[in-house]
file my_file_13.txt (compact mmCIF, C-alpha atoms and all ligand atoms)
# COMPACT_ATOMS: atom_id res chain seq x y z
CA MET A 12 -14.23 -16.13 -40.29
CA ILE A 13 -13.54 -16.75 -36.61
CA LYS A 14 -10.05 -17.89 -37.48
CA THR A 15 -9.31 -14.69 -39.40
CA LEU A 16 -10.63 -12.65 -36.52
CA LEU A 17 -8.40 -14.51 -34.08
CA ILE A 18 -5.38 -13.92 -36.29
CA ILE A 19 -6.17 -10.21 -36.52
CA LEU A 20 -6.57 -10.00 -32.72
CA THR A 21 -3.30 -11.83 -32.16
CA ILE A 22 -1.46 -9.59 -34.59
CA ASN A 23 -2.93 -6.51 -32.96
CA THR A 24 -1.39 -7.25 -29.60
CA PHE A 25 1.99 -7.30 -31.34
CA ILE A 26 1.38 -4.20 -33.48
CA PHE A 27 0.64 -2.06 -30.44
CA ALA A 28 3.65 -1.58 -28.29
CA ASN A 29 3.61 -3.03 -24.82
CA ILE A 30 4.31 -0.38 -22.23
CA ASN A 31 7.15 -1.22 -19.87
CA ILE A 32 6.27 0.15 -16.48
CA ALA A 33 8.27 0.20 -13.26
CA VAL A 34 6.46 0.38 -9.91
CA SER A 35 7.66 0.57 -6.32
CA ILE A 36 5.41 -1.83 -4.39
CA LEU A 37 3.36 -4.97 -4.96
CA PRO A 38 -0.16 -3.48 -4.60
CA GLN A 39 0.72 -1.08 -7.44
CA LYS A 40 1.50 -4.07 -9.62
CA THR A 41 -2.00 -5.39 -8.88
CA PHE A 42 -3.58 -2.04 -9.79
CA VAL A 43 -1.55 -1.50 -12.98
CA LYS A 44 -2.16 -5.09 -14.13
CA ALA A 45 -5.91 -4.68 -13.54
CA ILE A 46 -6.05 -1.73 -15.93
CA GLY A 47 -3.15 -2.46 -18.28
CA GLY A 48 -3.88 -6.18 -18.69
CA ASP A 49 -1.66 -7.85 -21.30
CA LYS A 50 -0.64 -4.52 -22.85
CA VAL A 51 1.76 -3.74 -20.03
CA SER A 52 4.76 -5.43 -18.50
CA ILE A 53 5.58 -4.45 -14.97
CA GLU A 54 8.90 -4.29 -13.15
CA LEU A 55 8.46 -4.40 -9.36
CA MET A 56 11.17 -2.63 -7.40
CA VAL A 57 10.55 -3.39 -3.70
CA LEU A 58 10.55 -7.18 -3.82
CA PRO A 59 8.13 -9.16 -1.60
CA GLY A 60 9.15 -9.42 2.04
CA ASN A 61 11.06 -6.13 2.00
CA SER A 62 10.10 -2.79 3.49
CA PRO A 63 9.54 0.17 1.12
CA HIS A 64 10.95 2.38 3.87
CA ASN A 65 14.52 1.24 3.29
CA TYR A 66 14.88 -0.94 0.21
CA ASP A 67 17.96 -1.01 -2.04
CA PRO A 68 17.33 -2.30 -5.58
CA LYS A 69 19.43 -5.14 -6.97
CA PRO A 70 21.78 -4.52 -9.93
CA SER A 71 19.45 -6.56 -12.19
CA GLN A 72 16.58 -4.25 -11.22
CA MET A 73 18.68 -1.20 -12.06
CA LYS A 74 19.27 -2.75 -15.48
CA ASN A 75 15.54 -3.25 -16.05
CA ILE A 76 14.88 0.39 -15.22
CA ALA A 77 16.71 1.20 -18.44
CA ASN A 78 13.89 -0.48 -20.41
CA ALA A 79 10.98 1.20 -18.64
CA SER A 80 9.07 3.98 -20.35
CA LEU A 81 7.00 4.89 -17.29
CA TYR A 82 7.65 4.88 -13.54
CA PHE A 83 4.57 4.94 -11.33
CA ALA A 84 5.61 6.57 -8.06
CA ILE A 85 3.41 6.16 -4.98
CA GLY A 86 5.33 8.25 -2.45
CA VAL A 87 7.03 5.55 -0.38
CA GLU A 88 10.33 6.40 1.30
CA PHE A 89 12.33 4.18 -1.04
CA GLU A 90 11.51 6.62 -3.86
CA ASN A 91 13.05 9.59 -2.03
CA VAL A 92 16.40 7.87 -2.26
CA TRP A 93 16.15 6.09 -5.62
CA LEU A 94 13.87 7.95 -8.06
CA SER A 95 16.50 10.50 -9.04
CA LYS A 96 19.02 7.71 -9.59
CA PHE A 97 16.51 5.92 -11.84
CA SER A 98 15.97 9.16 -13.77
CA ASN A 99 19.69 9.54 -14.33
CA LEU A 100 19.84 5.98 -15.59
CA ASN A 101 16.92 6.38 -17.99
CA LYS A 102 16.37 10.00 -18.99
CA SER A 103 13.45 9.20 -21.31
CA MET A 104 11.46 7.40 -18.58
CA LYS A 105 8.45 9.44 -17.49
CA ILE A 106 7.70 9.53 -13.78
CA ILE A 107 3.98 9.55 -13.00
CA ASP A 108 2.93 10.60 -9.51
CA LEU A 109 0.07 8.27 -8.52
CA THR A 110 -0.57 10.25 -5.33
CA GLN A 111 -1.93 13.20 -7.35
CA GLY A 112 -5.31 14.22 -5.92
CA ILE A 113 -4.90 12.26 -2.69
CA GLU A 114 -5.05 14.17 0.53
CA LYS A 115 -2.43 12.81 2.89
CA ILE A 116 -3.04 12.53 6.62
CA ALA A 117 -0.53 12.63 9.46
CA ILE A 118 0.97 9.28 10.36
CA SER A 119 -0.49 8.05 13.62
CA SER A 120 1.77 7.86 16.62
CA HIS A 121 1.26 6.84 20.23
CA SER A 122 -1.73 8.67 21.66
CA HIS A 123 -0.19 9.25 25.08
CA GLU A 124 2.39 11.92 25.73
CA HIS A 125 5.96 10.93 26.42
CA ASN A 126 7.93 13.09 28.82
CA HIS A 127 11.20 12.60 26.98
CA HIS A 128 10.41 14.51 23.82
CA ASN A 129 13.38 14.53 21.55
CA GLU A 130 13.93 15.74 18.02
CA LYS A 131 12.72 12.50 16.51
CA HIS A 132 9.42 12.66 18.36
CA GLU A 133 8.60 16.06 16.90
CA LYS A 134 8.83 14.51 13.46
CA SER A 135 5.71 12.43 14.14
CA SER A 136 3.65 15.04 12.24
CA ALA A 137 5.03 13.42 9.07
CA LYS A 138 2.54 12.37 6.40
CA ASP A 139 1.39 8.79 6.18
CA PRO A 140 2.70 7.21 2.95
CA HIS A 141 0.49 4.05 3.11
CA ILE A 142 -2.23 5.55 0.89
CA TRP A 143 -3.25 2.29 -0.82
CA THR A 144 -4.94 0.81 2.29
CA SER A 145 -8.03 2.91 1.52
CA PRO A 146 -10.44 2.00 -1.33
CA SER A 147 -11.33 5.67 -1.81
CA ASN A 148 -7.63 6.42 -2.37
CA VAL A 149 -7.24 3.43 -4.69
CA LYS A 150 -10.00 4.89 -6.88
CA ILE A 151 -7.86 8.02 -7.34
CA ILE A 152 -4.74 5.90 -7.92
CA ALA A 153 -6.64 3.87 -10.55
CA LYS A 154 -7.72 7.03 -12.36
CA ASN A 155 -4.13 8.29 -12.39
CA ILE A 156 -2.94 4.96 -13.81
CA TYR A 157 -5.69 4.97 -16.44
CA ASP A 158 -4.90 8.54 -17.52
CA ALA A 159 -1.20 7.69 -17.91
CA LEU A 160 -1.89 4.52 -19.89
CA ILE A 161 -4.24 6.12 -22.42
CA LYS A 162 -1.71 8.90 -22.88
CA ALA A 163 1.17 6.47 -23.43
CA ASP A 164 -0.80 4.08 -25.65
CA SER A 165 -3.85 5.87 -27.07
CA PRO A 166 -4.67 3.26 -29.76
CA ASN A 167 -5.67 0.91 -26.92
CA LYS A 168 -7.78 3.50 -25.14
CA ASP A 169 -10.95 1.38 -25.26
CA TYR A 170 -9.17 -1.64 -23.86
CA TYR A 171 -7.86 0.35 -20.87
CA ARG A 172 -11.24 2.03 -20.38
CA GLN A 173 -12.98 -1.32 -20.17
CA ASN A 174 -10.48 -2.68 -17.64
CA TYR A 175 -10.61 0.56 -15.67
CA ASN A 176 -14.40 0.36 -15.38
CA ILE A 177 -14.21 -3.25 -14.18
CA PHE A 178 -11.53 -2.37 -11.64
CA MET A 179 -13.54 0.61 -10.34
CA LYS A 180 -16.51 -1.69 -9.79
CA ASN A 181 -14.22 -4.10 -7.95
CA ILE A 182 -13.05 -1.27 -5.67
CA GLU A 183 -16.65 -0.22 -5.01
CA ASN A 184 -17.62 -3.80 -4.16
CA THR A 185 -14.66 -4.05 -1.79
CA ASP A 186 -15.74 -0.82 -0.10
CA ALA A 187 -19.35 -2.04 0.26
CA ASN A 188 -18.11 -5.34 1.72
CA LEU A 189 -15.87 -3.56 4.21
CA LYS A 190 -18.72 -1.29 5.30
CA SER A 191 -20.99 -4.24 5.92
CA ILE A 192 -18.33 -6.27 7.78
CA LEU A 193 -17.46 -3.27 9.96
CA SER A 194 -21.03 -2.02 10.46
CA ASN A 195 -20.90 -2.77 14.21
CA SER A 196 -17.27 -1.82 14.71
CA ASN A 197 -17.56 1.95 14.85
CA GLY A 198 -14.62 3.31 16.86
CA SER A 199 -13.00 -0.14 17.27
CA LYS A 200 -9.35 0.02 18.27
CA PHE A 201 -6.80 -2.25 16.71
CA MET A 202 -3.15 -2.47 17.62
CA VAL A 203 -0.48 -2.71 14.93
CA PHE A 204 3.29 -2.90 15.04
CA HIS A 205 3.96 -0.55 12.10
CA PRO A 206 1.27 2.11 11.44
CA SER A 207 0.35 1.02 7.89
CA TRP A 208 -3.43 1.20 8.20
CA GLY A 209 -4.09 4.90 8.83
CA TYR A 210 -6.21 5.55 5.72
CA PHE A 211 -8.11 2.30 6.21
CA ALA A 212 -8.84 3.33 9.81
CA ARG A 213 -9.93 6.81 8.69
CA ASP A 214 -12.33 5.48 6.04
CA TYR A 215 -14.08 3.00 8.32
CA ASN A 216 -14.08 4.91 11.64
CA LEU A 217 -11.52 2.70 13.35
CA VAL A 218 -8.62 3.62 15.59
CA GLN A 219 -5.14 2.37 14.78
CA MET A 220 -2.79 2.08 17.78
CA PRO A 221 0.84 1.67 16.70
CA ILE A 222 3.43 -0.11 18.83
CA GLU A 223 6.38 1.14 16.80
CA LEU A 224 7.66 4.58 17.70
CA ASP A 225 9.47 6.59 15.03
CA GLY A 226 10.36 3.40 13.21
CA LYS A 227 11.76 1.71 16.30
CA SER A 228 10.57 -0.91 18.76
CA PRO A 229 9.52 0.62 22.08
CA LYS A 230 11.99 0.66 24.97
CA PRO A 231 11.11 -1.45 28.05
CA ARG A 232 9.51 1.50 29.85
CA GLU A 233 7.44 2.42 26.79
CA LEU A 234 6.45 -1.20 26.41
CA ILE A 235 5.04 -1.33 29.93
CA GLU A 236 3.03 1.79 29.19
CA LEU A 237 1.75 0.33 25.91
CA ILE A 238 0.61 -2.87 27.60
CA LYS A 239 -1.25 -0.79 30.18
CA GLU A 240 -2.85 1.22 27.40
CA ALA A 241 -3.83 -1.87 25.42
CA ARG A 242 -5.45 -3.33 28.53
CA GLU A 243 -7.38 -0.12 29.21
CA GLU A 244 -8.54 0.13 25.59
CA LYS A 245 -9.51 -3.56 25.58
CA VAL A 246 -7.45 -4.33 22.50
CA THR A 247 -8.06 -7.97 21.60
CA ALA A 248 -5.62 -8.51 18.72
CA ILE A 249 -2.33 -7.13 17.44
CA PHE A 250 -1.56 -6.96 13.74
CA THR A 251 1.99 -7.33 12.55
CA GLN A 252 3.39 -7.54 9.06
CA PRO A 253 6.04 -9.92 7.71
CA GLU A 254 8.26 -7.00 6.63
CA PHE A 255 8.93 -6.14 10.28
CA SER A 256 9.99 -8.08 13.37
CA ASP A 257 7.03 -9.13 15.50
CA ALA A 258 9.10 -9.76 18.63
CA THR A 259 7.60 -6.82 20.55
CA ALA A 260 4.07 -7.67 19.45
CA LYS A 261 4.58 -11.24 20.67
CA VAL A 262 5.78 -10.05 24.07
CA MET A 263 2.73 -7.81 24.35
CA ALA A 264 0.29 -10.43 23.10
CA ASN A 265 1.70 -12.93 25.57
CA GLU A 266 1.30 -10.48 28.43
CA LEU A 267 -2.25 -9.55 27.35
CA LYS A 268 -3.19 -13.14 26.38
CA ILE A 269 -4.40 -12.03 22.94
CA ASP A 270 -3.56 -13.01 19.35
CA VAL A 271 -0.92 -11.75 16.96
CA ILE A 272 -2.29 -11.66 13.41
CA LYS A 273 0.18 -11.35 10.55
CA VAL A 274 -1.19 -9.31 7.65
CA SER A 275 0.83 -7.37 5.10
CA PRO A 276 -0.37 -4.06 3.62
CA LEU A 277 1.88 -5.00 0.70
CA SER A 278 -0.12 -8.09 -0.25
CA PRO A 279 -0.78 -8.38 -3.99
CA LYS A 280 -4.30 -9.58 -3.13
CA TRP A 281 -5.33 -6.09 -2.26
CA SER A 282 -9.07 -6.57 -1.91
CA GLU A 283 -9.02 -9.91 -0.06
CA ASN A 284 -6.40 -8.51 2.28
CA LEU A 285 -8.61 -5.60 3.36
CA ILE A 286 -11.57 -7.97 3.79
CA ASN A 287 -9.42 -10.23 5.99
CA ILE A 288 -8.26 -7.43 8.27
CA ALA A 289 -11.84 -6.11 8.52
CA ASN A 290 -13.08 -9.57 9.51
CA ALA A 291 -10.35 -9.82 12.16
CA ILE A 292 -11.30 -6.42 13.58
CA ALA A 293 -15.03 -7.16 13.48
CA GLY A 294 -14.44 -10.54 15.15
CA GLN A 295 -12.81 -8.98 18.20
CA LYS A 296 -15.31 -7.82 20.71
ZN ZN B 1 5.29 1.43 6.12
call {"tool": "encode", "arguments": {"input": "my_file_13.txt", "output": "structure tokens"}}
result
Amino acid sequence: MIKTLLIILTINTFIFANINIAVSILPQKTFVKAIGGDKVSIELMVLPGNSPHNYDPKPSQMKNIANASLYFAIGVEFENVWLSKFSNLNKSMKIIDLTQGIEKIAISSHSHEHNHHNEKHEKSSAKDPHIWTSPSNVKIIAKNIYDALIKADSPNKDYYRQNYNIFMKNIENTDANLKSILSNSNGSKFMVFHPSWGYFARDYNLVQMPIELDGKSPKPRELIELIKEAREEKVTAIFTQPEFSDATAKVMANELKIDVIKVSPLSPKWSENLINIANAIAGQK
């Protein structure tokens, strides 16, 4: 009896087509895997260690795009350049916008005014693409993924539903953990090289202070000003991410005698990653 059941279950996973899905960044792979389980295979475009702001896919990745039936877009810069090329390559591939229903905020820039405003500076009202650093956003992303999967593979609706419910609980637990870790950190300021944590900061009443200015390291004069600002604001740690140079952060940290903490918003361990950064922020007093 059990044996027959096992055989039926094994056959079933072959009867129902696997969905081939392409995604831009690693956290998406985590989210899609959580809901799609073994019914999906996922092609990651921006490979680990690279920045989704300026990634060029490899020829082998372009080839794999031809086998994808869905592309989950998350609004990173890389997609502005490449999505249309992917579409041309695979006309039957459906592009699903995972940012649907998410309200984007302006990307944070230096809080102080610079007296040399140029054209690039005015662009700092651009929207922040790093939406996945907020559990409340990830809930919306998860719902968008779930909706697309049940549409693409309705016979496995119950399977996706079950995984989706588990994942939603996981997100809620992460959120509750973050709230408790950060319960005494209201208004805490943390310095970052690249402003990846805007939505995280918004959700937990924190202030993100970016070092990078319009995608560039600060000039010596700006650096002096930043160090002054960090001292005034009593910043006690600087976060950098492996996708960017931490040379400037190291200079600053050395000057301020504080720590540089490397943490990537592109980590596949999405939940643990947020808990780690919260602990680092809560630990600085
Ligand atoms: Zn970024």
call {"tool": "atom_distance", "arguments": {"input": "my_file_13.txt", "atom1": "atom CA of A:Leu224", "atom2": "atom CA of A:Ser35"}}
result
24.4 Å
call {"tool": "atom_distance", "arguments": {"input": "my_file_13.txt", "atom1": "atom CA of A:Ile32", "atom2": "atom CA of A:Ala137"}}
result
28.8 Å
call {"tool": "residues_near_ligand", "arguments": {"input": "my_file_13.txt", "ligand": "ligand ZN 1 (chain B)", "cutoff": "12 Å", "atoms": "only C-alpha atoms and all ligand atoms", "output": "VMD selection string"}}
result
chain A and resid 36 61 to 66 86 to 89 118 to 119 138 to 144 203 to 209 221 223 225 to 226 251 to 255 275 to 277
call {"tool": "closest_residue", "arguments": {"input": "my_file_13.txt", "among": "A:Val271, A:Leu160, A:Ile106, A:Ala289", "to": "A:Gly47", "atoms": "only C-alpha atoms"}}
result
A:Leu160
call {"tool": "atom_distance", "arguments": {"input": "my_file_13.txt", "atom1": "atom CA of A:Ala153", "atom2": "atom CA of A:Asn29"}}
result
18.9 Å
call {"tool": "residues_around", "arguments": {"input": "my_file_13.txt", "residues": "A:Gly294", "least_positions_apart": "2", "cutoff": "10 Å", "atoms": "all atoms listed in the file", "output": "list in words"}}
result
Ile192, Leu193, Ser196, Thr247, Ala248, Ile288, Ala289, Asn290, Ala291, Ile292 and Lys296 of chain A
call {"tool": "write_last_selection", "arguments": {"input": "my_file_13.txt", "atoms": "C-alpha atoms", "output": "tab-separated table (two decimals), in the frame of the given file"}}
result
chain	number	residue	atom	x	y	z
A	192	ILE	CA	-18.33	-6.27	7.78
A	193	LEU	CA	-17.46	-3.27	9.96
A	196	SER	CA	-17.27	-1.82	14.71
A	247	THR	CA	-8.06	-7.97	21.60
A	248	ALA	CA	-5.62	-8.51	18.72
A	288	ILE	CA	-8.26	-7.43	8.27
A	289	ALA	CA	-11.84	-6.11	8.52
A	290	ASN	CA	-13.08	-9.57	9.51
A	291	ALA	CA	-10.35	-9.82	12.16
A	292	ILE	CA	-11.30	-6.42	13.58
A	296	LYS	CA	-15.31	-7.82	20.71
call {"tool": "residues_around", "arguments": {"input": "my_file_13.txt", "residues": "A:Leu109", "least_positions_apart": "4", "cutoff": "12 Å", "atoms": "all atoms listed in the file", "output": "MDAnalysis selection string"}}
result
chainID A and resid 34:35 39 42:43 81:87 113:114 140 142:143 148:159
call {"tool": "residues_around", "arguments": {"input": "my_file_13.txt", "residues": "A:Val218", "least_positions_apart": "6", "cutoff": "7 Å", "atoms": "only C-alpha atoms", "output": "JSON, numbers by chain"}}
result
{"A": [198, 199, 200, 201, 212]}
call {"tool": "write_last_selection", "arguments": {"input": "my_file_13.txt", "atoms": "C-alpha atoms", "output": "PDB file, in the coordinates of the input"}}
result
ATOM      1  CA  GLY A 198     -14.620   3.310  16.860  1.00  0.00           C
ATOM      2  CA  SER A 199     -13.000  -0.140  17.270  1.00  0.00           C
ATOM      3  CA  LYS A 200      -9.350   0.020  18.270  1.00  0.00           C
ATOM      4  CA  PHE A 201      -6.800  -2.250  16.710  1.00  0.00           C
ATOM      5  CA  ALA A 212      -8.840   3.330   9.810  1.00  0.00           C
TER       6      ALA A 212
END
call {"tool": "closest_residue", "arguments": {"input": "my_file_13.txt", "among": "A:Ala293, A:Met56, A:Met220, A:Ile182", "to": "A:Pro68", "atoms": "all atoms listed in the file"}}
result
A:Met56
call {"tool": "residues_near_point", "arguments": {"input": "my_file_13.txt", "point": "(2.9, -5.6, -10.2)", "cutoff": "6 Å", "atoms": "all atoms listed in the file", "output": "count of residues only"}}
result
6
call {"tool": "decode", "arguments": {"input": "my_file_13.txt", "residues": "stretch 152-172 of chain A", "atoms": "N, CA and C atoms", "output": "tab-separated table (two decimals), in the first residue's frame"}}
result
chain	number	residue	atom	x	y	z
A	152	ILE	N	5.71	40.35	-2.44
A	152	ILE	CA	6.47	39.61	-3.45
A	152	ILE	C	6.04	38.15	-3.45
A	153	ALA	N	5.90	37.57	-2.26
A	153	ALA	CA	5.52	36.15	-2.12
A	153	ALA	C	4.13	35.91	-2.72
A	154	LYS	N	3.22	36.83	-2.49
A	154	LYS	CA	1.88	36.69	-3.05
A	154	LYS	C	1.92	36.75	-4.57
A	155	ASN	N	2.73	37.65	-5.11
A	155	ASN	CA	2.88	37.76	-6.57
A	155	ASN	C	3.47	36.48	-7.16
A	156	ILE	N	4.45	35.90	-6.45
A	156	ILE	CA	5.05	34.64	-6.92
A	156	ILE	C	3.99	33.53	-6.89
A	157	TYR	N	3.29	33.44	-5.78
A	157	TYR	CA	2.26	32.41	-5.61
A	157	TYR	C	1.19	32.50	-6.71
A	158	ASP	N	0.71	33.71	-6.95
A	158	ASP	CA	-0.31	33.92	-7.99
A	158	ASP	C	0.18	33.45	-9.36
A	159	ALA	N	1.44	33.76	-9.65
A	159	ALA	CA	2.00	33.38	-10.97
A	159	ALA	C	2.15	31.87	-11.07
A	160	LEU	N	2.57	31.23	-9.98
A	160	LEU	CA	2.79	29.78	-10.01
A	160	LEU	C	1.48	29.01	-10.17
A	161	ILE	N	0.44	29.42	-9.45
A	161	ILE	CA	-0.82	28.67	-9.57
A	161	ILE	C	-1.45	28.90	-10.96
A	162	LYS	N	-1.14	30.02	-11.56
A	162	LYS	CA	-1.63	30.29	-12.90
A	162	LYS	C	-0.89	29.43	-13.93
A	163	ALA	N	0.42	29.30	-13.72
A	163	ALA	CA	1.25	28.55	-14.68
A	163	ALA	C	1.10	27.04	-14.50
A	164	ASP	N	0.72	26.61	-13.31
A	164	ASP	CA	0.71	25.18	-13.00
A	164	ASP	C	-0.44	24.88	-12.03
A	165	SER	N	-1.67	25.09	-12.51
A	165	SER	CA	-2.83	24.98	-11.62
A	165	SER	C	-3.04	23.58	-11.01
A	166	PRO	N	-2.65	22.49	-11.67
A	166	PRO	CA	-2.85	21.19	-11.02
A	166	PRO	C	-2.12	21.07	-9.67
A	167	ASN	N	-1.06	21.84	-9.49
A	167	ASN	CA	-0.32	21.79	-8.23
A	167	ASN	C	-0.65	22.94	-7.27
A	168	LYS	N	-1.82	23.49	-7.46
A	168	LYS	CA	-2.28	24.64	-6.67
A	168	LYS	C	-2.13	24.40	-5.17
A	169	ASP	N	-2.59	23.23	-4.71
A	169	ASP	CA	-2.56	22.94	-3.27
A	169	ASP	C	-1.13	22.89	-2.73
A	170	TYR	N	-0.26	22.32	-3.53
A	170	TYR	CA	1.16	22.24	-3.15
A	170	TYR	C	1.74	23.63	-2.95
A	171	TYR	N	1.49	24.53	-3.91
A	171	TYR	CA	2.01	25.90	-3.82
A	171	TYR	C	1.38	26.65	-2.64
A	172	ARG	N	0.07	26.41	-2.45
A	172	ARG	CA	-0.65	27.07	-1.37
A	172	ARG	C	-0.03	26.72	-0.01
